[in-house]
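Participant: Sharing upload.cif (mmCIF, C-alpha atoms and all ligand atoms) below.
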data_coords
#
loop_
_atom_site.label_atom_id
_atom_site.label_comp_id
_atom_site.auth_asym_id
_atom_site.auth_seq_id
_atom_site.Cartn_x
_atom_site.Cartn_y
_atom_site.Cartn_z
CA MET L 268 11.40 15.10 -11.63
CA ARG L 269 11.49 18.18 -9.40
CA PHE L 270 8.78 20.82 -8.80
CA ASP L 271 10.06 24.36 -8.21
CA ASP L 272 7.03 26.59 -8.75
CA ILE L 273 3.59 25.10 -8.20
CA THR L 274 3.20 21.68 -6.64
CA ALA L 275 0.79 19.55 -4.61
CA VAL L 276 0.80 19.95 -0.84
CA ILE L 277 -0.48 17.35 1.62
CA THR L 278 -3.02 19.24 3.72
CA GLY L 279 -4.46 16.30 5.68
CA THR L 280 -3.93 12.62 6.42
CA GLY L 281 -6.23 9.87 7.68
CA SER L 282 -6.34 6.19 8.49
CA CYS L 283 -8.70 3.31 9.12
CA LEU L 284 -7.86 -0.09 10.60
CA PRO L 285 -10.20 -3.01 11.22
CA ALA L 286 -10.52 -3.96 14.89
CA ASP L 287 -9.60 -7.64 14.61
CA THR L 288 -5.91 -8.11 15.63
CA LEU L 289 -4.07 -11.38 14.94
CA SER L 290 -0.73 -12.49 16.34
CA ASN L 291 1.76 -14.63 14.43
CA ASN L 292 0.62 -17.62 16.44
CA ASP L 293 -3.00 -16.97 15.41
CA ILE L 294 -1.94 -17.12 11.74
CA ILE L 295 0.28 -20.16 12.30
CA SER L 296 -2.45 -22.14 14.05
CA THR L 297 -5.14 -21.19 11.48
CA GLY L 298 -3.08 -22.51 8.57
CA ASP L 299 -1.27 -25.21 10.54
CA LEU L 300 1.89 -23.61 9.14
CA LYS L 301 5.34 -25.15 9.53
CA THR L 302 6.88 -21.98 10.94
CA THR L 303 7.27 -20.21 14.27
CA ASP L 304 6.55 -16.82 15.79
CA ALA L 305 10.32 -16.41 16.25
CA TRP L 306 11.00 -17.10 12.53
CA VAL L 307 8.43 -14.58 11.34
CA ARG L 308 9.60 -11.89 13.80
CA SER L 309 13.30 -12.33 13.06
CA ARG L 310 12.99 -12.66 9.24
CA THR L 311 10.35 -9.95 8.71
CA GLY L 312 9.89 -7.83 11.87
CA ILE L 313 6.15 -8.64 11.86
CA ALA L 314 4.36 -9.54 15.12
CA TYR L 315 0.71 -8.55 14.54
CA ARG L 316 -1.66 -7.54 11.76
CA ARG L 317 -5.30 -6.41 11.42
CA ARG L 318 -7.97 -8.29 9.52
CA ILE L 319 -11.40 -7.31 8.19
CA SER L 320 -14.49 -9.18 9.40
CA PRO L 321 -16.70 -11.30 7.12
CA GLY L 322 -18.85 -8.89 5.10
CA GLN L 323 -16.34 -6.03 5.20
CA ALA L 324 -14.49 -4.96 2.03
CA THR L 325 -11.75 -2.60 0.94
CA SER L 326 -14.16 0.29 0.29
CA ASP L 327 -15.36 0.20 3.91
CA LEU L 328 -11.82 0.95 5.10
CA ALA L 329 -10.98 3.30 2.23
CA THR L 330 -14.10 5.43 2.70
CA ALA L 331 -13.36 5.84 6.41
CA ALA L 332 -9.68 6.69 5.80
CA GLY L 333 -10.67 9.17 3.07
CA GLY L 334 -13.19 10.81 5.38
CA ALA L 335 -10.60 11.03 8.16
CA ALA L 336 -8.09 12.68 5.79
CA ALA L 337 -10.74 15.17 4.69
CA ASP L 338 -11.45 16.02 8.36
CA SER L 339 -7.71 16.43 8.97
CA ALA L 340 -7.53 18.86 6.03
CA GLY L 341 -10.49 20.90 7.32
CA ASN L 342 -12.98 19.39 4.85
CA PRO L 343 -12.03 21.23 1.66
CA THR L 344 -13.94 20.75 -1.60
CA VAL L 345 -12.41 17.59 -3.07
CA ASP L 346 -12.61 17.45 -6.88
CA MET L 347 -10.87 14.12 -7.62
CA VAL L 348 -10.46 10.71 -5.91
CA ILE L 349 -7.71 8.18 -6.64
CA LEU L 350 -7.68 4.79 -4.92
CA ALA L 351 -4.53 2.67 -4.98
CA THR L 352 -5.42 -0.96 -4.37
CA THR L 353 -4.83 -4.57 -5.44
CA THR L 354 -7.99 -5.72 -3.67
CA PRO L 355 -10.87 -3.69 -5.14
CA ASP L 356 -14.37 -4.61 -3.94
CA HIS L 357 -15.02 -6.17 -7.39
CA PRO L 358 -12.89 -6.84 -10.51
CA CYS L 359 -15.31 -4.43 -12.25
CA PRO L 360 -15.99 -1.55 -11.75
CA ALA L 361 -13.29 0.47 -10.03
CA THR L 362 -13.92 1.06 -6.33
CA ALA L 363 -13.01 4.78 -6.23
CA PRO L 364 -16.35 6.05 -7.64
CA GLN L 365 -18.23 4.21 -4.90
CA ILE L 366 -15.93 5.81 -2.29
CA ALA L 367 -16.53 9.27 -3.78
CA HIS L 368 -20.28 8.60 -3.64
CA ARG L 369 -20.16 7.37 -0.05
CA LEU L 370 -18.16 10.45 0.96
CA GLY L 371 -20.83 12.70 -0.58
CA LEU L 372 -18.47 14.08 -3.22
CA GLY L 373 -21.09 14.03 -5.99
CA THR L 374 -19.90 13.35 -9.53
CA VAL L 375 -16.17 14.08 -9.18
CA PRO L 376 -13.75 12.02 -11.31
CA ALA L 377 -12.67 8.89 -9.42
CA PHE L 378 -10.49 6.00 -10.50
CA ASP L 379 -8.39 3.11 -9.20
CA MET L 380 -4.66 2.73 -9.67
CA ALA L 381 -3.00 -0.68 -9.91
CA ALA L 382 0.67 -0.56 -8.95
CA VAL L 383 0.41 -3.05 -6.06
CA CYS L 384 2.62 -2.00 -3.12
CA SER L 385 3.94 1.05 -5.01
CA GLY L 386 0.33 2.10 -5.69
CA PHE L 387 0.00 4.89 -3.14
CA LEU L 388 3.18 6.62 -4.35
CA TYR L 389 2.11 6.19 -7.99
CA ALA L 390 -1.23 7.76 -6.99
CA LEU L 391 0.49 10.64 -5.16
CA ALA L 392 2.62 11.27 -8.25
CA THR L 393 -0.46 11.18 -10.49
CA ALA L 394 -2.35 13.56 -8.21
CA THR L 395 0.63 15.93 -8.19
CA ALA L 396 0.74 15.95 -12.00
CA LEU L 397 -3.05 16.49 -12.25
CA ILE L 398 -2.86 19.36 -9.76
CA ARG L 399 0.15 20.96 -11.47
CA GLY L 400 -1.60 20.56 -14.84
CA GLY L 401 -4.80 22.20 -13.58
CA LEU L 402 -7.11 19.17 -13.87
CA SER L 403 -7.59 19.07 -10.11
CA HIS L 404 -7.24 21.58 -7.30
CA THR L 405 -7.83 19.26 -4.34
CA CYS L 406 -7.39 15.52 -4.75
CA LEU L 407 -8.09 12.75 -2.25
CA VAL L 408 -5.54 9.93 -2.58
CA ILE L 409 -6.25 6.67 -0.74
CA GLY L 410 -4.15 3.52 -0.37
CA ALA L 411 -6.29 0.61 0.84
CA ASP L 412 -5.88 -3.13 0.75
CA THR L 413 -7.41 -6.23 2.30
CA TYR L 414 -4.86 -8.95 1.53
CA SER L 415 -6.66 -11.29 3.93
CA THR L 416 -9.06 -11.77 0.98
CA ILE L 417 -6.33 -12.97 -1.43
CA VAL L 418 -3.59 -14.56 0.71
CA ASN L 419 -3.62 -18.34 1.06
CA PRO L 420 -3.84 -19.10 4.81
CA TYR L 421 -2.06 -22.43 4.18
CA ASP L 422 0.96 -20.94 2.36
CA ARG L 423 3.71 -20.32 4.91
CA GLU L 424 5.64 -18.18 2.38
CA THR L 425 2.93 -15.45 2.43
CA ALA L 426 0.31 -16.15 5.12
CA ALA L 427 2.04 -14.29 7.94
CA LEU L 428 3.25 -11.31 5.92
CA PHE L 429 0.14 -9.26 5.16
CA GLY L 430 -2.47 -7.21 7.00
CA ASP L 431 -5.54 -5.12 6.12
CA GLY L 432 -5.86 -1.34 6.39
CA ALA L 433 -6.30 2.00 4.65
CA GLY L 434 -4.51 5.35 4.72
CA ALA L 435 -5.26 8.56 2.84
CA ALA L 436 -3.99 12.04 2.09
CA VAL L 437 -5.62 15.21 0.78
CA LEU L 438 -3.46 17.12 -1.71
CA SER L 439 -4.08 20.72 -2.76
CA ARG L 440 -2.40 23.09 -5.18
CA GLY L 441 0.25 25.12 -3.36
CA SER L 442 3.81 26.35 -3.00
CA PRO L 443 6.91 24.16 -2.46
CA THR L 444 7.68 26.28 0.63
CA THR L 445 4.52 25.05 2.42
CA PRO L 446 4.97 22.06 4.79
CA GLY L 447 3.62 18.94 3.12
CA ALA L 448 4.81 20.00 -0.35
CA ILE L 449 5.83 17.33 -2.88
CA HIS L 450 9.31 18.33 -4.11
CA ALA L 451 10.32 15.48 -6.41
CA VAL L 452 9.08 12.15 -7.78
CA ASP L 453 10.87 9.07 -9.17
CA LEU L 454 8.88 6.23 -10.75
CA GLY L 455 9.92 3.00 -12.47
CA SER L 456 8.91 -0.50 -13.48
CA ASP L 457 10.42 -3.76 -14.74
CA GLY L 458 7.85 -6.05 -16.35
CA SER L 459 10.43 -8.81 -16.79
CA GLY L 460 9.54 -9.64 -13.18
CA HIS L 461 5.76 -9.59 -13.69
CA ASP L 462 5.38 -13.18 -12.50
CA LEU L 463 7.29 -12.71 -9.24
CA ILE L 464 4.23 -11.22 -7.51
CA THR L 465 0.93 -12.37 -8.99
CA ILE L 466 -2.59 -13.77 -8.68
CA PRO L 467 -2.46 -16.21 -11.61
CA ALA L 468 -6.22 -16.65 -12.29
CA GLY L 469 -9.18 -14.33 -12.75
CA GLY L 470 -7.73 -11.99 -15.38
CA SER L 471 -7.85 -12.27 -19.19
CA ARG L 472 -4.87 -14.69 -19.25
CA HIS L 473 -6.75 -17.30 -17.21
CA PRO L 474 -10.38 -16.19 -17.12
CA HIS L 475 -12.83 -17.87 -14.77
CA HIS L 476 -15.30 -19.02 -17.42
CA ARG L 477 -12.93 -21.08 -19.64
CA ARG L 478 -12.10 -23.78 -17.16
CA PRO L 479 -12.10 -24.09 -13.42
CA PRO L 480 -8.62 -22.94 -12.42
CA GLU L 481 -6.78 -24.61 -9.59
CA PRO L 482 -8.08 -23.09 -6.36
CA ALA L 483 -4.51 -22.02 -5.52
CA ALA L 484 -4.40 -19.93 -8.72
CA HIS L 485 -6.86 -17.47 -7.16
CA TYR L 486 -4.49 -16.74 -4.32
CA PHE L 487 -1.67 -14.22 -4.14
CA HIS L 488 1.77 -15.71 -4.94
CA MET L 489 5.17 -14.17 -4.28
CA HIS L 490 8.72 -15.37 -4.95
CA GLY L 491 9.97 -13.76 -1.76
CA ARG L 492 13.70 -14.29 -2.07
CA GLU L 493 13.93 -12.88 -5.61
CA VAL L 494 11.63 -9.97 -4.73
CA TYR L 495 13.72 -9.21 -1.66
CA ALA L 496 16.93 -8.65 -3.62
CA ARG L 497 15.22 -6.49 -6.22
CA ALA L 498 13.36 -4.49 -3.55
CA VAL L 499 16.59 -3.50 -1.81
CA ARG L 500 18.26 -2.58 -5.10
CA HIS L 501 15.43 -0.53 -6.61
CA MET L 502 14.26 1.19 -3.43
CA THR L 503 17.81 2.34 -2.70
CA ARG L 504 18.42 3.53 -6.26
CA SER L 505 15.03 5.24 -6.52
CA ALA L 506 15.45 7.01 -3.16
CA HIS L 507 18.88 8.26 -4.29
CA HIS L 508 17.33 9.51 -7.57
CA VAL L 509 14.52 11.40 -5.86
CA LEU L 510 16.87 13.00 -3.33
CA ALA L 511 19.17 14.09 -6.15
CA ALA L 512 16.20 15.47 -8.09
CA ALA L 513 15.07 17.43 -5.02
CA GLY L 514 18.60 18.70 -4.50
CA TRP L 515 18.67 17.28 -0.96
CA ALA L 516 21.78 15.60 0.43
CA PRO L 517 20.73 12.23 1.93
CA GLU L 518 21.99 13.28 5.38
CA THR L 519 19.57 16.22 5.43
CA THR L 520 16.63 13.80 5.30
CA ARG L 521 14.87 13.81 8.66
CA ALA L 522 12.42 10.97 7.96
CA PHE L 523 12.72 7.78 5.90
CA ILE L 524 9.45 5.93 5.30
CA GLY L 525 9.70 2.82 3.15
CA HIS L 526 7.01 0.39 2.06
CA GLN L 527 6.49 -1.88 5.07
CA ALA L 528 7.22 -5.28 3.50
CA ASN L 529 10.10 -6.51 5.62
CA GLN L 530 12.10 -4.80 8.38
CA ARG L 531 15.34 -6.26 7.00
CA ILE L 532 14.66 -4.69 3.58
CA LEU L 533 13.86 -1.34 5.22
CA ASP L 534 17.05 -1.45 7.30
CA SER L 535 19.19 -2.40 4.27
CA VAL L 536 17.83 0.51 2.25
CA ALA L 537 18.17 3.01 5.11
CA ASP L 538 21.72 1.77 5.82
CA ARG L 539 22.66 2.29 2.18
CA LEU L 540 21.21 5.82 2.32
CA GLY L 541 23.21 6.47 5.49
CA LEU L 542 20.10 7.24 7.55
CA PRO L 543 20.32 6.24 11.23
CA THR L 544 17.67 4.29 13.14
CA GLU L 545 16.06 7.37 14.71
CA ARG L 546 15.17 8.69 11.24
CA ARG L 547 13.38 5.50 10.17
CA PHE L 548 9.61 5.36 10.72
CA GLY L 549 7.27 2.44 10.23
CA ASN L 550 4.50 0.24 11.55
CA ILE L 551 5.46 -3.22 10.30
CA ALA L 552 5.66 -4.87 13.75
CA ARG L 553 2.04 -3.93 14.56
CA LEU L 554 0.41 -4.04 11.10
CA GLY L 555 2.52 -6.27 8.82
CA ASN L 556 2.61 -5.51 5.11
CA THR L 557 -0.58 -3.56 4.32
CA ALA L 558 0.41 -3.19 0.62
CA ALA L 559 -0.89 0.10 -0.85
CA ALA L 560 -1.92 1.24 2.64
CA SER L 561 1.47 0.83 4.28
CA ILE L 562 3.04 4.24 3.53
CA PRO L 563 -0.12 6.34 4.06
CA LEU L 564 -0.70 4.52 7.36
CA VAL L 565 2.75 5.70 8.51
CA LEU L 566 2.03 9.23 7.23
CA ALA L 567 -1.20 9.21 9.28
CA ASP L 568 0.34 7.70 12.43
CA PRO L 569 -0.04 10.17 15.35
CA THR L 570 3.17 8.90 16.99
CA VAL L 571 5.17 9.61 13.84
CA HIS L 572 3.49 13.02 13.48
CA HIS L 573 4.51 13.96 17.02
CA ALA L 574 8.11 12.88 16.41
CA LEU L 575 8.47 15.17 13.38
CA ARG L 576 8.04 18.89 12.75
CA PRO L 577 6.15 20.44 9.84
CA GLY L 578 8.63 21.05 7.05
CA ASP L 579 11.02 18.20 7.96
CA ARG L 580 12.53 16.64 4.85
CA THR L 581 10.98 13.24 4.24
CA VAL L 582 11.64 10.52 1.68
CA LEU L 583 9.05 7.87 0.81
CA THR L 584 10.08 4.81 -1.17
CA ALA L 585 8.16 1.73 -2.26
CA PHE L 586 8.53 -1.46 -4.27
CA GLY L 587 5.92 -3.96 -5.37
CA GLY L 588 4.31 -6.18 -7.97
CA GLY L 589 4.67 -5.34 -11.63
CA LEU L 590 7.45 -4.98 -10.75
CA THR L 591 7.10 -1.32 -9.82
CA TRP L 592 8.93 1.15 -7.63
CA ALA L 593 8.46 4.76 -6.64
CA SER L 594 9.98 7.43 -4.42
CA ILE L 595 8.75 10.84 -3.37
CA ALA L 596 10.60 13.68 -1.62
CA LEU L 597 8.30 15.88 0.42
CA THR L 598 8.31 18.01 3.52
CA TRP L 599 6.39 16.78 6.56
CA PRO L 600 2.79 18.12 6.56
CA ALA L 601 1.43 20.43 9.26
CA ALA L 602 -2.05 18.95 9.75
CA ALA L 603 -2.57 16.45 12.58
CA PRO L 604 -3.70 13.04 11.28
CA ARG L 605 -7.19 11.70 11.99
CA SER L 606 -8.53 8.14 12.11
CA LYS L 607 -11.98 6.56 11.79
CA PRO L 608 -13.39 3.05 12.29
CA PRO L 609 -14.49 1.15 9.17
CA GLU L 610 -17.70 2.32 7.51
CA PRO L 611 -20.62 -0.12 7.66
CA PRO L 612 -20.59 -2.38 4.58
CA SER L 613 -22.41 -0.99 1.56
CA THR L 614 -25.51 -3.14 0.96
CA SER L 615 -26.67 -1.68 -2.36
CA VAL L 616 -25.20 -4.50 -4.49
CA PRO L 617 -26.53 -8.01 -3.78
CA ALA L 618 -24.00 -10.84 -3.61
CA PRO L 619 -23.93 -13.01 -6.78
CA PRO L 620 -25.45 -16.51 -6.61
CA HIS L 621 -23.22 -19.27 -5.33
CA PRO L 622 -21.26 -20.78 -8.29
CA ALA L 623 -22.56 -24.26 -7.50
CA ARG L 624 -26.09 -23.06 -8.21
CA SER L 625 -25.36 -20.90 -11.29
CA GLN L 626 -25.92 -22.24 -14.85
CA PRO L 627 -23.60 -23.44 -16.36
CA PRO L 628 -20.81 -23.57 -13.78
CA TRP L 629 -17.92 -23.62 -16.28
CA THR L 630 -17.56 -23.96 -20.05
CA PRO L 631 -14.66 -26.17 -21.17
CA SER L 632 -11.92 -24.38 -23.10
O1 LIG L 701 5.20 -6.03 -0.68
C1 LIG L 701 5.73 -6.26 -1.95
C2 LIG L 701 7.19 -6.54 -1.90
N1 LIG L 701 7.43 -7.69 -1.07
C3 LIG L 701 8.61 -7.83 -0.50
O2 LIG L 701 9.45 -6.97 -0.64
C4 LIG L 701 8.85 -9.08 0.28
C5 LIG L 701 10.21 -9.60 -0.05
N2 LIG L 701 10.58 -10.88 0.54
C6 LIG L 701 10.65 -11.11 1.88
O3 LIG L 701 10.25 -10.33 2.70
C7 LIG L 701 11.35 -12.37 2.29
O4 LIG L 701 11.98 -12.93 1.18
C8 LIG L 701 10.43 -13.43 2.95
C9 LIG L 701 9.95 -12.94 4.31
C10 LIG L 701 9.23 -13.70 2.05
C11 LIG L 701 11.21 -14.70 3.16
O5 LIG L 701 12.34 -14.44 3.98
P1 LIG L 701 13.82 -14.83 3.54
O6 LIG L 701 14.68 -14.55 4.69
O7 LIG L 701 14.10 -14.13 2.25
O8 LIG L 701 13.72 -16.37 3.33
P2 LIG L 701 14.08 -17.16 2.00
O9 LIG L 701 13.04 -16.91 0.96
O10 LIG L 701 15.51 -16.90 1.66
O11 LIG L 701 13.91 -18.62 2.50
C12 LIG L 701 14.82 -19.21 3.45
C13 LIG L 701 14.24 -20.52 3.86
C14 LIG L 701 13.68 -21.33 2.69
O12 LIG L 701 13.99 -22.67 2.92
P3 LIG L 701 15.21 -23.35 2.10
O13 LIG L 701 14.85 -23.21 0.64
O14 LIG L 701 16.42 -22.58 2.50
O15 LIG L 701 15.17 -24.76 2.59
C15 LIG L 701 12.18 -21.10 2.77
O16 LIG L 701 11.46 -22.18 2.25
O17 LIG L 701 13.12 -20.27 4.74
C16 LIG L 701 11.99 -20.99 4.25
N3 LIG L 701 10.80 -20.25 4.62
C17 LIG L 701 10.28 -20.35 5.84
N4 LIG L 701 10.65 -21.05 6.90
C18 LIG L 701 9.91 -20.93 8.00
C19 LIG L 701 10.08 -19.38 3.88
N5 LIG L 701 9.05 -18.92 4.60
C20 LIG L 701 9.15 -19.51 5.82
C21 LIG L 701 8.40 -19.43 7.00
N6 LIG L 701 8.82 -20.14 8.08
N7 LIG L 701 7.31 -18.65 7.12
#
Could you quickly redo this structure as structure tokens?
Ligand code: UT7

Facilitator:
Amino acid sequence: MRFDDITAVITGTGSCLPADTLSNNDIISTGDLKTTDAWVRSRTGIAYRRRISPGQATSDLATAAGGAAADSAGNPTVDMVILATTTPDHPCPATAPQIAHRLGLGTVPAFDMAAVCSGFLYALATATALIRGGLSHTCLVIGADTYSTIVNPYDRETAALFGDGAGAAVLSRGSPTTPGAIHAVDLGSDGSGHDLITIPAGGSRHPHHRRPPEPAAHYFHMHGREVYARAVRHMTRSAHHVLAAAGWAPETTRAFIGHQANQRILDSVADRLGLPTERRFGNIARLGNTAAASIPLVLADPTVHHALRPGDRTVLTAFGGGLTWASIALTWPAAAPRSKPPEPPSTSVPAPPHPARSQPPWTPS
């Protein structure tokens, strides 16, 4: 879909990363994994990732990134908050209202969006539609994830792939001629692959209280090889669709920013789009796969901002669990990105009692 009259314009971007940096060898030694630094680097492009400290949660990163994006945008009056995440602070309620509260935004509407690694682009598309439809004038969109809380440190197929972080953008109602304008959106899903990326337990299919699930069922699982092939196919197709919808020839795209899951996937997609290396931007070597945060972290990267000019044609494309995919054509925003350290953990909600001491621990099914 293409937006010719009124659209949403990115007026600010922000980021937040936890301080703790882990190398591949740190991950390998923690999980005693049968892999090597060389394997992970050559098969994924990942060398380092960030990790939250005990006691920190997704909202601590998301609140800081949201605040940084608001600063970057000149602190406008935000009237809506959308958080894209797979790792909310709690299964219930959504985390976005707490973020809105911690940012001092009062009683604005706030909700979470679950589209896994496509989540930030789904949230950008939703914000654009809400702004075009008049339900919001200025919307804060945050992508934040802490996969260190759901990845199995002993699973070599996933342990070295993910990192923690948060990125955010402020969108306001504006003209497609303004730098930062969203020009076109392409969204899709294929639920036949719902079990290729999953946390098996903890939802209504395998609830906690019926029987104690296998500990491994609480961890994130991914069929990497199958996901890889579909990611290349759908990201390429979706990027072509969004460029066609925007009316932009692929070779006029100045910046390609794909979901940072695997450097080989990113290179395959960019090759198929005919976009040379100098037009590809990412952070996978330093940050790994930060899920919903990966694209907004690139948007808010000062190095990337300095390499591009406001108004440069940019294509964003993502693929993730669901399966879901999404692409957005926009022009590069004018505002310089800002970053903040994580907010101190919120202490208003006490931790639940340890399961071993609660009554009864489990009811048989
Ligand atoms: O963010 C959401 C979307 N996610 C993605 O798009 C991720 C998509 N998948 C991937 O990035 C890649 O598939 C992986 C990085 C997960 C795996 O890389 P690959 O090059 O696709 O490896 P593969 O799955 O084809 O496996 C090749 C071999 C297998 O052994 P066999 O079956 O050939 O004997 C794996 O068991 O490599 C093995 N393997 C490993 N070996 C050493 C898998 N993980 C590792 C490892 N170290 N960490």

Participant: Ligand LIG 701 (chain L): which residues are within 7 Å, counting all atoms listed in the file? Reply as a PyMOL selection string.

Facilitator: chain L and resi 301-303+306-307+310-311+384+423-425+427+491-492+494-495+498+528-529+556+558+586-588

Participant: Which residues come within 12 Å of Gly434 in chain L, counting all atoms listed in the file, excluding same-chain residues fewer than 3 positions away, as an NGL selection string?

Facilitator: :L and (279-284 or 325-326 or 328-337 or 350-352 or 386-388 or 407-412 or 431 or 437 or 557-568 or 604-609)

Participant: Once you count only C-alpha atoms, which residues end up no further than 10 Å from (6.6, 20.8, -2.1) in the file's frame, shown as an NGL selection string?

Facilitator: :L and (269-277 or 395 or 440-451 or 513 or 578 or 596-600)

Participant: Measure the distance from CA of Gly525 in chain L to CA of Ala305 in chain L in Å and round it to one decimal.

Facilitator: 23.3 Å

Participant: Counting only C-alpha atoms, what is within 8 Å of Ala394 in chain L, bar same-chain residues fewer than 3 positions away, as a list in words?

Facilitator: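 Counting only C-alpha atoms, the residues come to Ala275, Ile349, Ala390, Leu391, Leu397, Ile398, Ser403, Cys406, Val408 and Leu438 of chain L.
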
Participant: Produce a file of the selected residues containing C-alpha atoms, as a compact mmCIF listing (two decimals), in the frame of the given file.

Facilitator:
# COMPACT_ATOMS: atom_id res chain seq x y z
CA ALA L 275 0.79 19.55 -4.61
CA ILE L 349 -7.71 8.18 -6.64
CA ALA L 390 -1.23 7.76 -6.99
CA LEU L 391 0.49 10.64 -5.16
CA LEU L 397 -3.05 16.49 -12.25
CA ILE L 398 -2.86 19.36 -9.76
CA SER L 403 -7.59 19.07 -10.11
CA CYS L 406 -7.39 15.52 -4.75
CA VAL L 408 -5.54 9.93 -2.58
CA LEU L 438 -3.46 17.12 -1.71

Participant: One number please: CA of Leu533 in chain L to CA of Asp287 in chain L, in Å, one decimal.

Facilitator: 26.0 Å

Participant: Provide the CA of Leu510 in chain L to CA of Arg539 in chain L distance in Å, to one decimal place.

Facilitator: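 Answer for the CA of Leu510 in chain L to CA of Arg539 in chain L separation: 13.4 Å.
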
Participant: Ranking L:His573, L:His490, L:Arg317, L:Arg308 by minimum distance to Ile464 in chain L and counting all atoms listed in the file, which one comes first?

Facilitator: L:His490

Participant: Calculated over all atoms listed in the file, which of the candidates L:His508, L:Arg369, L:His485, L:Arg553 has the smallest distance to Val418 in chain L?

Facilitator: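 Checking each candidate against Val418 in chain L, we get L:His485 as the closest.
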
Participant: Find the residue from L:Thr520, L:Ala512, L:Met268, L:Leu402 that sits nearest to Asp579 in chain L; use all atoms listed in the file when measuring.

Facilitator: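 Among L:Thr520, L:Ala512, L:Met268, L:Leu402, it is L:Thr520 that comes nearest to Asp579 in chain L.
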
Participant: Nearest to Ser309 in chain L: which of L:Gln530, L:Ser456, L:Ser505, L:Thr354 is it, counting all atoms listed in the file?

Facilitator: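 Result for the nearest residue to Ser309 in chain L: L:Gln530.
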
Participant: Within 10 Å of Val571 in chain L, counting all atoms listed in the file, which residues show up once you throw out same-chain ones fewer than 6 positions away? Write them as JSON, numbers by chain, please.

Facilitator: {"L": [522, 547, 548, 549, 550, 565, 604]}

Participant: Do a neighbour search on Leu454 in chain L at 8 Å with all atoms listed in the file, toss out local chain neighbours closer than 3 positions, and write the hits as a ChimeraX atom specification.

Facilitator: /L:389,505,591-594

Participant: Pick out the residues sitting within 9 Å of Pro612 in chain L, and hand them over as a PyMOL selection string; count only C-alpha atoms, and ignore anything fewer than 2 positions along from it in its own chain.

Facilitator: chain L and resi 322-324+326-327+609-610+614

Participant: Pick out the closest residue to Pro321 in chain L from this set: L:Ser415, L:Pro577, L:Ala484, L:Arg472. Count only C-alpha atoms.

Facilitator: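 Nearest to Pro321 in chain L: L:Ser415.
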
Participant: Restricting the calculation to all atoms listed in the file, which member of L:Thr297, L:Ala511, L:Thr344, L:Glu481 is positioned closest to Ser439 in chain L?

Facilitator: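 Counting all atoms listed in the file, the residue closest to Ser439 in chain L is L:Thr344.
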
Participant: As lines of an AutoDock Vina configuration file, please: the centre and edge lengths in Å, to one decimal, of an axis-aligned box enclosing every listed atom of range 538-553 of chain L with 4 Å added on each side.

Facilitator:
center_x = 12.6
center_y = 1.9
center_z = 8.4
size_x = 29.2
size_y = 21.6
size_z = 20.5

Participant: Please supply range 542-550 of chain L, rebuilt with N, CA, C and O atoms, as a JSON list (two decimals), keeping the file's coordinate frame.

Facilitator:
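What ended up in selection.json:
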[["chain", "number", "residue", "atom", "x", "y", "z"],
["L", 542, "LEU", "N", 21.05, 6.63, 6.62],
["L", 542, "LEU", "CA", 20.10, 7.24, 7.55],
["L", 542, "LEU", "C", 19.99, 6.40, 8.82],
["L", 542, "LEU", "O", 19.66, 5.22, 8.76],
["L", 543, "PRO", "N", 20.29, 7.01, 9.97],
["L", 543, "PRO", "CA", 20.32, 6.24, 11.23],
["L", 543, "PRO", "C", 18.93, 5.82, 11.70],
["L", 543, "PRO", "O", 17.91, 6.33, 11.21],
["L", 544, "THR", "N", 18.92, 4.90, 12.67],
["L", 544, "THR", "CA", 17.67, 4.29, 13.14],
["L", 544, "THR", "C", 16.62, 5.32, 13.54],
["L", 544, "THR", "O", 15.43, 5.15, 13.25],
["L", 545, "GLU", "N", 17.05, 6.40, 14.20],
["L", 545, "GLU", "CA", 16.06, 7.37, 14.71],
["L", 545, "GLU", "C", 15.37, 8.16, 13.60],
["L", 545, "GLU", "O", 14.41, 8.88, 13.85],
["L", 546, "ARG", "N", 15.84, 8.01, 12.36],
["L", 546, "ARG", "CA", 15.17, 8.69, 11.24],
["L", 546, "ARG", "C", 14.29, 7.74, 10.43],
["L", 546, "ARG", "O", 13.78, 8.12, 9.39],
["L", 547, "ARG", "N", 14.19, 6.51, 10.89],
["L", 547, "ARG", "CA", 13.38, 5.50, 10.17],
["L", 547, "ARG", "C", 12.04, 5.35, 10.89],
["L", 547, "ARG", "O", 12.01, 5.14, 12.10],
["L", 548, "PHE", "N", 10.95, 5.44, 10.12],
["L", 548, "PHE", "CA", 9.61, 5.36, 10.72],
["L", 548, "PHE", "C", 8.80, 4.28, 10.03],
["L", 548, "PHE", "O", 8.87, 4.13, 8.80],
["L", 549, "GLY", "N", 8.05, 3.52, 10.82],
["L", 549, "GLY", "CA", 7.27, 2.44, 10.23],
["L", 549, "GLY", "C", 6.27, 1.87, 11.21],
["L", 549, "GLY", "O", 6.16, 2.32, 12.36],
["L", 550, "ASN", "N", 5.55, 0.86, 10.74],
["L", 550, "ASN", "CA", 4.50, 0.24, 11.55],
["L", 550, "ASN", "C", 4.45, -1.28, 11.35],
["L", 550, "ASN", "O", 3.48, -1.92, 11.72]]
